[in-house]
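Q: Right, I'll just put the structure down here and ask away after.
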Amino acid sequence: MARKVQFVETVLRDANQSLIATRLPYEKFEPMLETIDKAGYYAAECWGGATFDVCLRYLNEDPWERLRKIRAKMPNTKLQMLLRGQNVLGYSHYPDDFVRLFVKKAVENGMDVIRIFDALNDVTNMKTAMEATVEAGAIASGTISYTTSPVHNHKKYVEMVKELKAMGAATICIKDMAGIMGPQEAYDMVSAIKDAVDLPIDLHTHSTTGLAFMTYLKAVEAGVDIIDTAISPFSGGTSQPATETLAYALRQLGYEVDLDDSCLITMADYFKGVRDEFVKDGTLMPKSMATDTQCLTYQVPGGMLSNLLSQLKQMNALDRFEEALAETPKVRADMGYPPLVTPTSQMVGVQAVRNVLDGQRYKTVSKEIKAYCRGEYGTTPAPINPEIQAQILGDEKPLAGRYADSLKPVVEDTRAKLGDLAKTDEDVLSYIAFPNLAEKFLEERKAKEENVVTYSIVEC
Ligand code: CO
């Protein structure tokens, strides 16, 4: 019997985030939710990552309400979110009480699969979120942030997978955020993990370097169970490869693919129109759709190259680009080879530019790099260069143990502080995650409600 390969549709989250900076408002995708629900996906990735931040910051949407509305329209398909471990949906670590309540509420509001990763692959930063997910009865997808370095190898990744399984992972995800995983590497890594644990494996990659179709194909040959794809108008470039193309190719190769082609056609027709609107207003830029092989040469994510360029441009130092690029892997090595993903990619890139422009390495250091050297982001894959760490920290001692253990609970105090501005636990969580944005959102909502009340009194 043909082996089945399952699909995760990313148009609502990662494709949306990678191509149009997560600017897709709920109304724009609502008409397709019932079709996506009927299409036969393993899951629809629709929440988490940057969606929460962008809903509050730019779209004036309550992210929790968005989740409930999606859930109501999609009763048959698992909903999936991306969660940054102890960082949840933010950029630094939160106390455990917040992580636990956030996960609990995400599941209560409709989430089925929580994909949990840590920027350093430090599993102690994933443990609380994993436990909370299992406790809430959802699927914990333990995730490897894929990178290459002298200290990253299959043996280490397999050890990590075993630890994640022990924490309750129901599936394993290999997350290649930069799209640098090649087909042979995918074959070898999926085989190594399959040999070590009996859990479904999901491979997540991006089309950035053009490798993705080949990489998925070899991963499928090695037994990968789930792949992440985007409906064609939102596929390619910095997004995922196209759902329809992979369904076609895998069927031709004799694999079973349970996707309904007529649903995919309806989705593609609809999202073509949506894409064209974002092309017209300039949100979707041609360079996001292009193939960028520079990432393979420098082993840094595409987003990081454009960040380096824009930083140098701001400082009127574009002529130092090659130097900054050459400095980037050196800073990464000094920092113990972190995978380059939010927030480590930004931290390493900014430091490389400073080292070059200052004409002296680590003369100036951001507060994030200082916190990193103190151990606030967790255990680094290799030790931080001790001389540089001492230079940055001075007399300060690096932290022993998990940073979140030193953080005081925040939920109860925040609830008390917000008073009647927060109506629900979800409001409290939004405020802790993004205080300024959430406060503005909650105040506007309150004002709107008060207006409605006044109006209805007049009506009587
Ligand atoms: Co991604």
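In the structure tokens, each chain is lettered A, B, ... as it comes, each chain's residues begin at 1, and ligands are numbered from 1 in order of appearance.
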What does the list of residues within 10 Å of ligand 1 look like if you count only C-alpha atoms and all ligand atoms, written as an MDAnalysis selection string?
A: chainID A and resid 10 13:15 17:18 49 82 175:179 204:207 228 238:240 341
Q: List as number ranges by chain the protein and nucleic acid residues near stretch 66-70 of chain A, meaning an atom at most 9 Å away when only C-alpha atoms are counted, but skip any in the same chain fewer than 4 places from it.
A: A: 26, 30, 33, 46-47, 55, 61-62, 74-75, 79, 106, 109-111
Q: Restricted to N, CA and C atoms, what would the selected residues look like written as a short mmCIF file (atom, residue, chain, number, x, y, z; two decimals), in the first residue's frame?
A:
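File produced: selection-v3.cif:
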data_model
loop_
_atom_site.label_atom_id
_atom_site.label_comp_id
_atom_site.auth_asym_id
_atom_site.auth_seq_id
_atom_site.Cartn_x
_atom_site.Cartn_y
_atom_site.Cartn_z
N TYR A 26 -8.04 39.35 9.13
CA TYR A 26 -8.97 38.22 9.19
C TYR A 26 -9.96 38.22 8.02
N GLU A 30 -11.04 35.02 5.63
CA GLU A 30 -12.25 34.37 6.14
C GLU A 30 -13.01 33.57 5.07
N LEU A 33 -11.82 29.89 4.77
CA LEU A 33 -11.61 28.98 5.90
C LEU A 33 -12.36 27.66 5.75
N CYS A 46 -1.98 28.66 11.66
CA CYS A 46 -2.79 29.87 11.51
C CYS A 46 -2.57 30.90 12.61
N TRP A 47 -1.69 30.63 13.56
CA TRP A 47 -1.58 31.52 14.72
C TRP A 47 -0.16 31.45 15.26
N CYS A 55 -1.37 41.54 14.84
CA CYS A 55 -2.80 41.77 15.05
C CYS A 55 -2.99 43.01 15.92
N GLU A 61 -6.77 44.04 15.58
CA GLU A 61 -7.55 42.81 15.79
C GLU A 61 -7.17 42.21 17.12
N ASP A 62 -8.14 41.65 17.83
CA ASP A 62 -7.83 40.88 19.02
C ASP A 62 -7.38 39.50 18.54
N MET A 74 -13.60 26.22 11.14
CA MET A 74 -12.80 25.05 10.75
C MET A 74 -12.91 23.93 11.79
N PRO A 75 -14.07 23.29 11.86
CA PRO A 75 -14.24 22.28 12.91
C PRO A 75 -13.48 20.98 12.65
N LEU A 79 -5.79 22.94 14.14
CA LEU A 79 -5.19 24.27 14.06
C LEU A 79 -3.82 24.22 14.74
N ALA A 106 -4.53 29.24 24.87
CA ALA A 106 -4.44 28.98 23.42
C ALA A 106 -5.22 27.71 23.09
N ASN A 109 -9.00 28.17 23.48
CA ASN A 109 -9.58 28.96 22.39
C ASN A 109 -9.56 28.23 21.04
N GLY A 110 -8.98 27.03 21.02
CA GLY A 110 -9.10 26.24 19.80
C GLY A 110 -7.84 25.64 19.22
N MET A 111 -6.67 25.87 19.83
CA MET A 111 -5.45 25.35 19.25
C MET A 111 -5.31 23.84 19.47
#
Q: One decimal, Å: what's the distance from atom CA of A:Glu323 over to atom CA of A:Thr148, could you say?
A: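 A separation of 21.5 Å between them.
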Q: Run DSSP on the backbone of this structure and report the residues of stretch 19-201 of chain A it assigns to strand (DSSP E), as an MDAnalysis selection string.
A: chainID A and resid 43:48 78:83 113:116 139:145 171:175 201
Q: Need the shell around A:Phe321: protein/DNA/RNA residues with any atom at most 12 Å away, counting only C-alpha atoms. Skip same-chain ones fewer than 4 positions apart. Format as a compact mmCIF listing (two decimals) with N, CA, C and O atoms, in the first residue's frame?
A:
# COMPACT_ATOMS: atom_id res chain seq x y z
N LEU A 305 20.57 38.96 5.77
CA LEU A 305 21.34 39.71 4.77
C LEU A 305 20.69 41.07 4.52
O LEU A 305 21.38 42.10 4.50
N SER A 306 19.36 41.08 4.37
CA SER A 306 18.72 42.37 4.09
C SER A 306 18.77 43.29 5.31
O SER A 306 18.87 44.50 5.18
N ASN A 307 18.75 42.70 6.54
CA ASN A 307 18.91 43.52 7.75
C ASN A 307 20.29 44.17 7.79
O ASN A 307 20.42 45.34 8.14
N LEU A 308 21.33 43.39 7.44
CA LEU A 308 22.70 43.93 7.42
C LEU A 308 22.77 45.11 6.45
O LEU A 308 23.30 46.17 6.79
N LEU A 309 22.20 44.90 5.28
CA LEU A 309 22.21 45.96 4.27
C LEU A 309 21.52 47.22 4.77
O LEU A 309 22.06 48.32 4.64
N SER A 310 20.35 47.06 5.38
CA SER A 310 19.61 48.27 5.78
C SER A 310 20.29 48.96 6.95
O SER A 310 20.29 50.18 7.03
N GLN A 311 20.91 48.19 7.84
CA GLN A 311 21.67 48.81 8.94
C GLN A 311 22.82 49.66 8.40
O GLN A 311 23.03 50.79 8.83
N LEU A 312 23.57 49.08 7.46
CA LEU A 312 24.73 49.78 6.91
C LEU A 312 24.29 51.02 6.12
O LEU A 312 24.95 52.05 6.15
N LYS A 313 23.17 50.87 5.44
CA LYS A 313 22.64 51.99 4.66
C LYS A 313 22.32 53.16 5.59
O LYS A 313 22.69 54.30 5.32
N MET A 315 23.65 53.88 8.30
CA MET A 315 24.89 54.47 8.84
C MET A 315 25.79 54.99 7.72
O MET A 315 26.95 55.29 7.97
N ASN A 316 25.22 55.00 6.52
CA ASN A 316 25.99 55.49 5.38
C ASN A 316 27.28 54.72 5.18
O ASN A 316 28.33 55.28 4.89
N ALA A 317 27.22 53.40 5.36
CA ALA A 317 28.45 52.60 5.32
C ALA A 317 28.25 51.35 4.46
O ALA A 317 28.79 50.28 4.76
N LEU A 325 29.67 41.14 6.48
CA LEU A 325 29.24 39.78 6.15
C LEU A 325 30.29 38.77 6.63
O LEU A 325 29.96 37.72 7.18
N ALA A 326 31.56 39.10 6.43
CA ALA A 326 32.64 38.21 6.86
C ALA A 326 32.72 38.15 8.39
O ALA A 326 33.10 37.12 8.96
N GLU A 327 32.33 39.23 9.05
CA GLU A 327 32.38 39.28 10.52
C GLU A 327 31.25 38.44 11.15
O GLU A 327 31.39 37.92 12.25
N THR A 328 30.13 38.32 10.43
CA THR A 328 28.95 37.64 11.00
C THR A 328 29.25 36.22 11.50
O THR A 328 28.97 35.91 12.66
N GLY A 349 23.74 39.82 14.00
CA GLY A 349 23.91 40.74 12.87
C GLY A 349 24.29 42.14 13.33
O GLY A 349 25.23 42.75 12.80
N ALA A 352 27.88 42.23 14.56
CA ALA A 352 28.87 42.16 13.47
C ALA A 352 29.07 43.55 12.87
O ALA A 352 30.21 43.99 12.64
N VAL A 353 27.96 44.27 12.65
CA VAL A 353 28.06 45.62 12.09
C VAL A 353 28.82 46.54 13.04
O VAL A 353 29.71 47.30 12.64
N ARG A 354 28.52 46.45 14.34
CA ARG A 354 29.22 47.29 15.32
C ARG A 354 30.72 47.01 15.32
O ARG A 354 31.54 47.93 15.35
N VAL A 356 32.61 45.96 13.00
CA VAL A 356 33.26 46.48 11.80
C VAL A 356 33.35 48.01 11.86
O VAL A 356 34.41 48.58 11.64
N LEU A 357 32.23 48.65 12.20
CA LEU A 357 32.21 50.11 12.16
C LEU A 357 33.03 50.74 13.31
O LEU A 357 33.63 51.79 13.15
Q: Could you please write out, as a count of residues only, every residue of stretch 118-207 of chain A that DSSP assigns to alpha helix (DSSP H)?
A: 36
Q: With distances taken over only C-alpha atoms, which of A:Ala129, A:Ala222, A:Val279, A:Ile227 is nearest to A:Cys173?
A: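 Of A:Ala129, A:Ala222, A:Val279, A:Ile227, the one nearest A:Cys173 is A:Ile227, counting only C-alpha atoms.
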Q: Contacts of A:Thr35 at 8 Å or less, counting only C-alpha atoms, minus same-chain residues fewer than 3 places along, as a PyMOL selection string?
A: chain A and resi 32+38-39+263+266-267
Q: Please compute the atom CA of A:Val8-atom CA of A:Ser430 distance, one decimal, in Å.
A: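 About the pair atom CA of A:Val8 and atom CA of A:Ser430: they are 26.7 Å apart.
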Q: Excluding A:Leu120 and residues on its chain fewer than 2 positions from it, collect all residues at most 9 Å away from it, counting only C-alpha atoms, and give them as a list of chain:residue names.
A: A:Phe117, A:Asp118, A:Asp122, A:Val123, A:Asn125, A:Ser145, A:Tyr337, A:Pro338, A:Pro339, A:Leu340, A:Val341, A:Thr344, A:Tyr377, A:Gly378, A:Thr379, A:Thr380, A:Pro381
Q: Suppose we keep C-alpha atoms; can you now write the selection as an mmCIF file, in the first residue's frame?
A:
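Saved the output as selection26.cif:
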data_model
loop_
_atom_site.group_PDB
_atom_site.id
_atom_site.type_symbol
_atom_site.label_atom_id
_atom_site.label_comp_id
_atom_site.auth_asym_id
_atom_site.auth_seq_id
_atom_site.Cartn_x
_atom_site.Cartn_y
_atom_site.Cartn_z
ATOM 1 C CA PHE A 117 11.109 25.770 19.607
ATOM 2 C CA ASP A 118 14.016 27.538 21.289
ATOM 3 C CA ASP A 122 18.102 24.581 24.847
ATOM 4 C CA VAL A 123 15.355 22.158 25.867
ATOM 5 C CA ASN A 125 13.549 26.673 27.649
ATOM 6 C CA SER A 145 15.886 24.889 15.074
ATOM 7 C CA TYR A 337 27.224 28.923 17.328
ATOM 8 C CA PRO A 338 23.579 29.813 18.046
ATOM 9 C CA PRO A 339 21.110 28.858 15.291
ATOM 10 C CA LEU A 340 20.235 32.117 13.542
ATOM 11 C CA VAL A 341 16.529 32.617 14.224
ATOM 12 C CA THR A 344 19.616 35.481 17.879
ATOM 13 C CA TYR A 377 18.774 33.144 26.693
ATOM 14 C CA GLY A 378 19.899 29.718 27.896
ATOM 15 C CA THR A 379 22.801 27.378 27.307
ATOM 16 C CA THR A 380 24.619 28.019 24.036
ATOM 17 C CA PRO A 381 25.400 25.104 21.669
#
Q: Just to confirm, what's the straight-line distance from atom CA of A:Asp427 to atom CA of A:Leu442 in Å (one decimal)?
A: 7.7 Å
Q: Which of these, A:Glu426, A:Gln86, A:Val5, A:Phe234, has the shortest distance to A:Tyr216 once you count only C-alpha atoms?
A: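 The closest residue to A:Tyr216 is A:Val5.
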Q: Name the residues in contact with A:Leu101 at a cut-off of 12 Å, using only C-alpha atoms, excluding same-chain residues fewer than 3 positions from it; report them as a PyMOL selection string.
A: chain A and resi 88+94-98+104-108+128-129+131-133+135-136+409-412+424-430+432-433
